[in-house]
Amino acid sequence: MTRHFLRDDDLSPAEYLQVLDMAAELKADRFAYRPLEGPRAVAVIFDKRSTRTRVSFSVGIAELGGYPLVIDAQTSQMGRGEPIADTARVLDRQCAAIVWRTYEQGRLEAMAAAAAVPVVNALTDEFHPCQLLADLQTVRERKGTLAGLTLTYAGDGANNMAHSYLLAGATAGMHVRIASPTGYAPAAAVLSRAAEIAAQTGGSVAHVTDPADGFAGADVLATDTWVSMGQEAEAGDREAPFVPFALTADAVKAAAADPVVLHCLPAYRGKEIAAEVIDGPASAVWDEAENRLHAQKALLTWLLSQEAVA
């Protein structure tokens with residue numbers, strides 16, 4: 001059966017660790033796996049602008065022996081409204097996998113339902129699971145483990161990063177806190193699903209509206225922009241309630257000893273994260289950006305290996 005990666009809980013806890021182990025191998029030896037040797041093509045489709053996703057998938061697919069076929073959705077037939085299932089049936093006849101950065105999660109699910117090759121979520125409005133693979137690879141490099149660590153995400157609890165931190169963190173057995181202003185809570189269904197996973201892995205999940213409760217004793221502090229793509233009109237209304245949730249030097253002092261600071265980028269210095277924090281000794285932001293390459297290569301290798309098993 002074709003395996004897809006549409007959200008973080010599409011991998012079991014054991015499978016998630018397999019991918020992270022493979023990512024570590026690929027970081028040590030960038031050409032250890034060549035599942036796309038041929039070269040076989042991978043379609044990488046963009047509805048939204050991108051820097052890290054575009055670079056890491058393009059370089060990664062090439063390093064796996066393949067060919068990245070980068071498609072601008074707006075200038076392809078998808079842009080004029082071709083049914084997603086029709087696009088899937090065309091791409092899967094010629095490509096080994098489909099990677100898509102788009103808006104609604106439902107569009108990605110429709111692609112996966114019609115495609116005979118793995119479909120990978122390179123970001124939707126609801127989830128950003130490839131970023132979380134890179135984030136947890138980074139934390140494991142710094143801390144040596146994931147299970148039992150406390151991770152606090154401070155910012156918009158309703159956005160895709162918060163949702164992915166809940167699911168991926170719970171899958172890894174972490175204690176995940178989402179610290180956000182009132183009115184910006186995670187989706188109830190995601191919080192419930194994360195709690196269900198955490199009950200199996202020994203982790204836990206919580207949503208707090210007091211930033212002090214979020215920062216206190218955290219092993220990992222993570223944040224994201226307060227205004228995601230498509231929310232620009234809300235920027236003025238969001239600033240005041242989000243200021244107390246910024247990752248400042250005081251927030252880092254309130255965390256556990258030797259915390260790890262994450263930001264998926266692009267960052268707005270002086271807004272959600274202080275310049276002295278993103279450039280400070282606790283910051284793992286640049287390792288995190290690099291690890292998009294290794295984690296996504298591992299994911300593609302793992303997904304393609306599952307096809308071979310089937």
# chains A, B, ... in the order shown; residues from 1 in each chain; ligands from 1

call {"tool": "residues_around", "arguments": {"residues": "region 43-59 of chain A", "least_positions_apart": "3", "cutoff": "6 Å", "atoms": "only C-alpha atoms", "output": "short mmCIF file (atom, residue, chain, number, x, y, z; two decimals) with N, CA and C atoms, in the first residue's frame"}}
result
data_model
loop_
_atom_site.label_atom_id
_atom_site.label_comp_id
_atom_site.auth_asym_id
_atom_site.auth_seq_id
_atom_site.Cartn_x
_atom_site.Cartn_y
_atom_site.Cartn_z
N ALA A 62 17.89 15.74 -5.59
CA ALA A 62 19.09 15.54 -6.43
C ALA A 62 20.10 14.65 -5.72
N PRO A 68 14.36 16.97 -9.28
CA PRO A 68 13.23 17.72 -8.76
C PRO A 68 12.50 18.46 -9.88
N LEU A 69 11.25 18.11 -10.10
CA LEU A 69 10.42 18.79 -11.11
C LEU A 69 9.58 19.83 -10.38
N VAL A 70 10.08 21.06 -10.30
CA VAL A 70 9.42 22.11 -9.53
C VAL A 70 8.32 22.74 -10.38
N ILE A 71 7.10 22.75 -9.84
CA ILE A 71 5.92 23.22 -10.57
C ILE A 71 5.29 24.39 -9.83
N ASP A 72 5.08 25.49 -10.54
CA ASP A 72 4.33 26.63 -10.01
C ASP A 72 2.85 26.36 -10.28
N ALA A 73 2.09 26.13 -9.23
CA ALA A 73 0.69 25.75 -9.40
C ALA A 73 -0.09 26.80 -10.18
N ILE A 98 5.08 12.89 -5.01
CA ILE A 98 4.53 14.24 -5.20
C ILE A 98 4.67 14.99 -3.88
N VAL A 99 5.29 16.16 -3.92
CA VAL A 99 5.45 17.03 -2.75
C VAL A 99 4.66 18.29 -3.04
N TRP A 100 3.81 18.72 -2.07
CA TRP A 100 2.92 19.85 -2.37
C TRP A 100 2.86 20.81 -1.19
N ARG A 101 3.09 22.08 -1.46
CA ARG A 101 2.96 23.16 -0.48
C ARG A 101 1.73 23.97 -0.88
N THR A 102 0.66 23.83 -0.08
CA THR A 102 -0.60 24.41 -0.53
C THR A 102 -1.37 25.00 0.65
N LEU A 293 16.83 19.55 5.02
CA LEU A 293 17.41 18.73 3.94
C LEU A 293 17.50 17.27 4.35
#

call {"tool": "residues_around", "arguments": {"residues": "Arg3 (chain A)", "least_positions_apart": "6", "cutoff": "8 Å", "atoms": "only C-alpha atoms", "output": "list in words"}}
result
Val117, Pro118, Val119, Leu303, Gln306 and Glu307 of chain A

call {"tool": "select_by_dssp", "arguments": {"residues": "region 75-177 of chain A", "states": "helix (DSSP H, G or I)", "output": "VMD selection string"}}
result
chain A and resid 75 77 to 80 84 to 91 105 to 114 129 to 143 160 to 171

call {"tool": "select_by_dssp", "arguments": {"residues": "region 114-193 of chain A", "states": "strand (DSSP E or B)", "output": "PyMOL selection string"}}
result
chain A and resi 119-121+150-154+175-179

call {"tool": "write_last_selection", "arguments": {"atoms": "N, CA, C and O atoms", "output": "PDB file, in the first residue's frame"}}
result
ATOM      1  N   VAL A 119       2.520  10.910  -1.448  1.00  0.00           N
ATOM      2  CA  VAL A 119       2.265  12.354  -1.441  1.00  0.00           C
ATOM      3  C   VAL A 119       2.756  12.903  -0.104  1.00  0.00           C
ATOM      4  O   VAL A 119       2.454  12.341   0.955  1.00  0.00           O
ATOM      5  N   VAL A 120       3.512  13.994  -0.157  1.00  0.00           N
ATOM      6  CA  VAL A 120       4.139  14.578   1.031  1.00  0.00           C
ATOM      7  C   VAL A 120       3.611  15.992   1.253  1.00  0.00           C
ATOM      8  O   VAL A 120       3.561  16.796   0.312  1.00  0.00           O
ATOM      9  N   ASN A 121       3.237  16.281   2.488  1.00  0.00           N
ATOM     10  CA  ASN A 121       2.787  17.620   2.873  1.00  0.00           C
ATOM     11  C   ASN A 121       4.001  18.510   3.115  1.00  0.00           C
ATOM     12  O   ASN A 121       4.719  18.358   4.110  1.00  0.00           O
ATOM     13  N   THR A 150      10.324  18.606  27.848  1.00  0.00           N
ATOM     14  CA  THR A 150       9.204  19.543  27.785  1.00  0.00           C
ATOM     15  C   THR A 150       9.454  20.563  26.683  1.00  0.00           C
ATOM     16  O   THR A 150      10.488  21.244  26.691  1.00  0.00           O
ATOM     17  N   LEU A 151       8.548  20.625  25.736  1.00  0.00           N
ATOM     18  CA  LEU A 151       8.648  21.550  24.598  1.00  0.00           C
ATOM     19  C   LEU A 151       7.509  22.550  24.681  1.00  0.00           C
ATOM     20  O   LEU A 151       6.344  22.156  24.750  1.00  0.00           O
ATOM     21  N   THR A 152       7.849  23.819  24.676  1.00  0.00           N
ATOM     22  CA  THR A 152       6.832  24.872  24.664  1.00  0.00           C
ATOM     23  C   THR A 152       6.871  25.611  23.337  1.00  0.00           C
ATOM     24  O   THR A 152       7.922  26.111  22.923  1.00  0.00           O
ATOM     25  N   TYR A 153       5.719  25.648  22.687  1.00  0.00           N
ATOM     26  CA  TYR A 153       5.549  26.491  21.501  1.00  0.00           C
ATOM     27  C   TYR A 153       4.766  27.715  21.953  1.00  0.00           C
ATOM     28  O   TYR A 153       3.657  27.596  22.487  1.00  0.00           O
ATOM     29  N   ALA A 154       5.339  28.892  21.726  1.00  0.00           N
ATOM     30  CA  ALA A 154       4.696  30.145  22.130  1.00  0.00           C
ATOM     31  C   ALA A 154       4.311  30.942  20.896  1.00  0.00           C
ATOM     32  O   ALA A 154       5.152  31.219  20.046  1.00  0.00           O
ATOM     33  N   HIS A 175       6.522  16.255  26.385  1.00  0.00           N
ATOM     34  CA  HIS A 175       5.469  17.000  27.074  1.00  0.00           C
ATOM     35  C   HIS A 175       5.331  18.338  26.331  1.00  0.00           C
ATOM     36  O   HIS A 175       6.227  19.186  26.399  1.00  0.00           O
ATOM     37  N   VAL A 176       4.256  18.494  25.608  1.00  0.00           N
ATOM     38  CA  VAL A 176       4.090  19.638  24.712  1.00  0.00           C
ATOM     39  C   VAL A 176       3.137  20.653  25.334  1.00  0.00           C
ATOM     40  O   VAL A 176       2.002  20.307  25.690  1.00  0.00           O
ATOM     41  N   ARG A 177       3.613  21.885  25.450  1.00  0.00           N
ATOM     42  CA  ARG A 177       2.765  22.986  25.917  1.00  0.00           C
ATOM     43  C   ARG A 177       2.576  23.974  24.760  1.00  0.00           C
ATOM     44  O   ARG A 177       3.562  24.404  24.150  1.00  0.00           O
ATOM     45  N   ILE A 178       1.364  24.339  24.492  1.00  0.00           N
ATOM     46  CA  ILE A 178       1.082  25.406  23.541  1.00  0.00           C
ATOM     47  C   ILE A 178       0.679  26.628  24.359  1.00  0.00           C
ATOM     48  O   ILE A 178      -0.334  26.607  25.074  1.00  0.00           O
ATOM     49  N   ALA A 179       1.492  27.689  24.289  1.00  0.00           N
ATOM     50  CA  ALA A 179       1.228  28.922  25.028  1.00  0.00           C
ATOM     51  C   ALA A 179       0.759  29.985  24.045  1.00  0.00           C
ATOM     52  O   ALA A 179       1.536  30.438  23.198  1.00  0.00           O
TER      53      ALA A 179
END

call {"tool": "atom_distance", "arguments": {"atom1": "CA of Val190 (chain A)", "atom2": "CA of Glu272 (chain A)"}}
result
23.4 Å

call {"tool": "atom_distance", "arguments": {"atom1": "CA of Gly203 (chain A)", "atom2": "CA of Ser12 (chain A)"}}
result
14.3 Å

call {"tool": "closest_atom_pairs", "arguments": {"of": "region 103-133 of chain A", "to": "region 15-29 of chain A", "cutoff": "12 Å", "atoms": "only C-alpha atoms", "output": "tab-separated table"}}
result
residue	atom	partner	partner_atom	distance
A:Pro129	CA	A:Tyr16	CA	11.1
A:Cys130	CA	A:Val19	CA	11.2
A:Leu132	CA	A:Leu20	CA	10.7
A:Leu133	CA	A:Leu20	CA	7.1

call {"tool": "residues_around", "arguments": {"residues": "Gln94 (chain A)", "least_positions_apart": "2", "cutoff": "12 Å", "atoms": "only C-alpha atoms", "output": "compact mmCIF listing (two decimals) with all heavy atoms, in the first residue's frame"}}
result
# COMPACT_ATOMS: atom_id res chain seq x y z
N PRO A 39 17.99 9.26 -13.32
CA PRO A 39 17.24 9.77 -12.17
C PRO A 39 15.73 9.61 -12.35
O PRO A 39 15.21 9.70 -13.45
CB PRO A 39 17.61 11.26 -12.16
CG PRO A 39 17.82 11.60 -13.60
CD PRO A 39 18.38 10.36 -14.25
N ARG A 40 15.04 9.36 -11.19
CA ARG A 40 13.58 9.40 -11.17
C ARG A 40 13.16 10.80 -10.72
O ARG A 40 13.83 11.43 -9.90
CB ARG A 40 13.03 8.35 -10.21
CG ARG A 40 13.46 6.93 -10.57
CD ARG A 40 13.20 5.98 -9.43
NE ARG A 40 11.77 5.76 -9.19
CZ ARG A 40 11.29 5.19 -8.07
NH1 ARG A 40 12.13 4.83 -7.11
NH2 ARG A 40 10.00 5.00 -7.92
N ALA A 41 12.03 11.27 -11.27
CA ALA A 41 11.57 12.63 -10.96
C ALA A 41 10.64 12.63 -9.74
O ALA A 41 9.90 11.68 -9.51
CB ALA A 41 10.85 13.22 -12.16
N VAL A 42 10.69 13.72 -8.98
CA VAL A 42 9.73 13.99 -7.92
C VAL A 42 9.09 15.34 -8.21
O VAL A 42 9.80 16.34 -8.40
CB VAL A 42 10.40 14.01 -6.53
CG1 VAL A 42 9.41 14.45 -5.46
CG2 VAL A 42 10.97 12.64 -6.19
N ALA A 43 7.77 15.38 -8.30
CA ALA A 43 7.06 16.64 -8.54
C ALA A 43 6.99 17.43 -7.24
O ALA A 43 6.53 16.91 -6.22
CB ALA A 43 5.66 16.36 -9.06
N TYR A 67 15.49 13.75 -9.73
CA TYR A 67 15.34 15.02 -10.45
C TYR A 67 14.15 15.77 -9.87
O TYR A 67 13.02 15.28 -9.94
CB TYR A 67 15.12 14.73 -11.93
CG TYR A 67 14.80 15.95 -12.74
CD1 TYR A 67 15.80 16.85 -13.09
CD2 TYR A 67 13.49 16.22 -13.15
CE1 TYR A 67 15.50 17.98 -13.83
CE2 TYR A 67 13.20 17.35 -13.89
CZ TYR A 67 14.20 18.23 -14.22
OH TYR A 67 13.91 19.36 -14.95
N LEU A 69 11.25 18.11 -10.10
CA LEU A 69 10.42 18.79 -11.11
C LEU A 69 9.58 19.83 -10.38
O LEU A 69 8.52 19.54 -9.84
CB LEU A 69 9.52 17.77 -11.81
CG LEU A 69 8.59 18.31 -12.88
CD1 LEU A 69 9.37 18.86 -14.06
CD2 LEU A 69 7.63 17.21 -13.34
N THR A 87 -4.87 15.81 -11.92
CA THR A 87 -3.45 16.15 -11.81
C THR A 87 -2.67 14.99 -11.18
O THR A 87 -1.58 14.62 -11.65
CB THR A 87 -3.26 17.41 -10.95
OG1 THR A 87 -3.96 18.50 -11.56
CG2 THR A 87 -1.80 17.78 -10.80
N ALA A 88 -3.24 14.40 -10.15
CA ALA A 88 -2.57 13.28 -9.48
C ALA A 88 -2.33 12.13 -10.44
O ALA A 88 -1.25 11.52 -10.45
CB ALA A 88 -3.41 12.81 -8.30
N ARG A 89 -3.33 11.82 -11.26
CA ARG A 89 -3.21 10.67 -12.18
C ARG A 89 -2.18 10.93 -13.26
O ARG A 89 -1.60 9.98 -13.81
CB ARG A 89 -4.58 10.38 -12.79
CG ARG A 89 -5.60 9.88 -11.77
CD ARG A 89 -6.89 9.46 -12.43
NE ARG A 89 -7.90 9.11 -11.43
CZ ARG A 89 -8.95 9.86 -11.14
NH1 ARG A 89 -9.15 11.01 -11.77
NH2 ARG A 89 -9.82 9.48 -10.22
N VAL A 90 -1.97 12.17 -13.63
CA VAL A 90 -0.93 12.50 -14.62
C VAL A 90 0.45 12.40 -13.97
O VAL A 90 1.37 11.76 -14.51
CB VAL A 90 -1.15 13.91 -15.18
CG1 VAL A 90 0.04 14.35 -16.03
CG2 VAL A 90 -2.43 13.96 -16.00
N LEU A 91 0.59 13.00 -12.79
CA LEU A 91 1.90 13.05 -12.14
C LEU A 91 2.38 11.66 -11.73
O LEU A 91 3.56 11.34 -11.86
CB LEU A 91 1.85 13.98 -10.93
CG LEU A 91 1.63 15.46 -11.22
CD1 LEU A 91 1.56 16.26 -9.91
CD2 LEU A 91 2.73 16.02 -12.11
N ASP A 92 1.47 10.81 -11.24
CA ASP A 92 1.95 9.52 -10.73
C ASP A 92 2.36 8.56 -11.84
O ASP A 92 2.96 7.53 -11.56
CB ASP A 92 0.94 8.90 -9.75
CG ASP A 92 -0.31 8.33 -10.40
OD1 ASP A 92 -0.36 8.23 -11.65
OD2 ASP A 92 -1.25 7.98 -9.66
N ALA A 96 8.07 9.69 -9.13
CA ALA A 96 8.17 8.71 -8.04
C ALA A 96 7.42 9.16 -6.80
O ALA A 96 7.05 8.33 -5.95
CB ALA A 96 9.64 8.47 -7.70
N ALA A 97 7.19 10.46 -6.65
CA ALA A 97 6.50 11.00 -5.48
C ALA A 97 6.00 12.40 -5.83
O ALA A 97 6.44 13.01 -6.82
CB ALA A 97 7.43 11.04 -4.26
N ILE A 98 5.08 12.89 -5.01
CA ILE A 98 4.53 14.24 -5.20
C ILE A 98 4.67 14.99 -3.88
O ILE A 98 4.23 14.50 -2.83
CB ILE A 98 3.04 14.18 -5.60
CG1 ILE A 98 2.86 13.42 -6.92
CG2 ILE A 98 2.45 15.58 -5.70
CD1 ILE A 98 1.42 13.06 -7.25
N ALA A 115 -3.58 9.48 -5.99
CA ALA A 115 -2.22 9.21 -6.47
C ALA A 115 -1.76 7.80 -6.09
O ALA A 115 -2.03 7.32 -4.99
CB ALA A 115 -1.24 10.23 -5.87
N ALA A 116 -1.03 7.18 -7.00
CA ALA A 116 -0.48 5.85 -6.75
C ALA A 116 0.95 5.92 -6.23
O ALA A 116 1.60 4.88 -6.08
CB ALA A 116 -0.54 5.02 -8.02
N VAL A 117 1.45 7.11 -5.98
CA VAL A 117 2.80 7.30 -5.44
C VAL A 117 2.68 8.11 -4.15
O VAL A 117 1.64 8.76 -3.91
CB VAL A 117 3.72 8.04 -6.45
CG1 VAL A 117 3.89 7.22 -7.72
CG2 VAL A 117 3.18 9.43 -6.76
